[in-house]
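Take a look at the structure set out below.
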Amino acid sequence: MIIGDRLRSLREERLLSQSDIEQRTGLFRCYVSRVENGHTVPSIETLEKMARALEVPLYQIFYESEVPAQIPNLLKRKAPDIRLWGSAGKEAVYLNKLRRALGKATPDERKLLMQLVQKMAVR
């Protein structure tokens with residue numbers, strides 16, 4: 001979905017002109033036109049202003065239904081079968097020690113270490 005198309009359809013459903021949106025939001029009519037035609041990407045603050053001017057909740061700009069989308073329960077998802085390196089056992093202990101050591105290193109020491117790692121990765 002393109003935000004500009006959605007804003008235009010919401011505006012036209014409410015029988016509002018771009019000038020009406022200009023008066024309600026304080027945004028220039030030419031800016032509203034540029035957003036609706038996809039020439040400009042509005043910020044979240046601008047979208048909030050437009051949602052207030054259109055008298056709709058902000059989520060309706062992104063979602064076409066009257067009811068908000070159901071958020072999936074991410075805690076019920078199954079864990080992947082693949083165990084990542086450093087997630088458990090000796091690898092996790094080593095990774096934790098490495099993290100602490102890098103935290104104590106100076107920026108010059110980190111730079112030197114990164115150069116060394118890059119040369120080793122090339123080979």
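Starting from 1 in every chain, residues are counted up; chains themselves are A, B, ... following the order of the structure tokens, and ligands are numbered from 1 as listed.
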
Residues of range 20-92 of chain A in helix (DSSP H, G or I), written as an MDAnalysis selection string: chainID A and resid 20:25 29:36 44:54 59:62 74:76 89:92

Contact residues around Gln23 in chain A with only C-alpha atoms at 12 Å, ignoring same-chain residues under 5 positions, as a list of chain:residue names: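 Listing them by chain and then by number gives A:Leu16, A:Ser17, A:Gln18, A:Phe28, A:Arg29, A:Val32, A:Lys49, A:Met50, A:Ala53, A:Leu54.
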
Close residues, Gly4 in chain A itself excluded, 10 Å, only C-alpha atoms, min 6 positions apart in chain, as a list in words: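 The contact residues come out as Leu10, Val32, Ser33, Arg34, Val35, Glu36, Asn37, Gly38, His39, Thr40, Val41, Pro42 and Ile61 of chain A.
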
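In this model, the gap between CA of Ala105 in chain A and CA of Leu84 in chain A comes to 25.9 Å.
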
Contacts of range 43-45 of chain A at 12 Å (only C-alpha atoms; same-chain gap of 6+ positions) as a list of chain:residue names: A:Ile3, A:Thr25, A:Leu27, A:Val35, A:Ala51, A:Arg52, A:Leu58, A:Tyr59, A:Ile61, A:Phe62

Straight-line distance linking CA of Glu55 in chain A with CA of Arg14 in chain A, stated in Å to one decimal: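 Going from CA of Glu55 in chain A over to CA of Arg14 in chain A, I get 9.2 Å.
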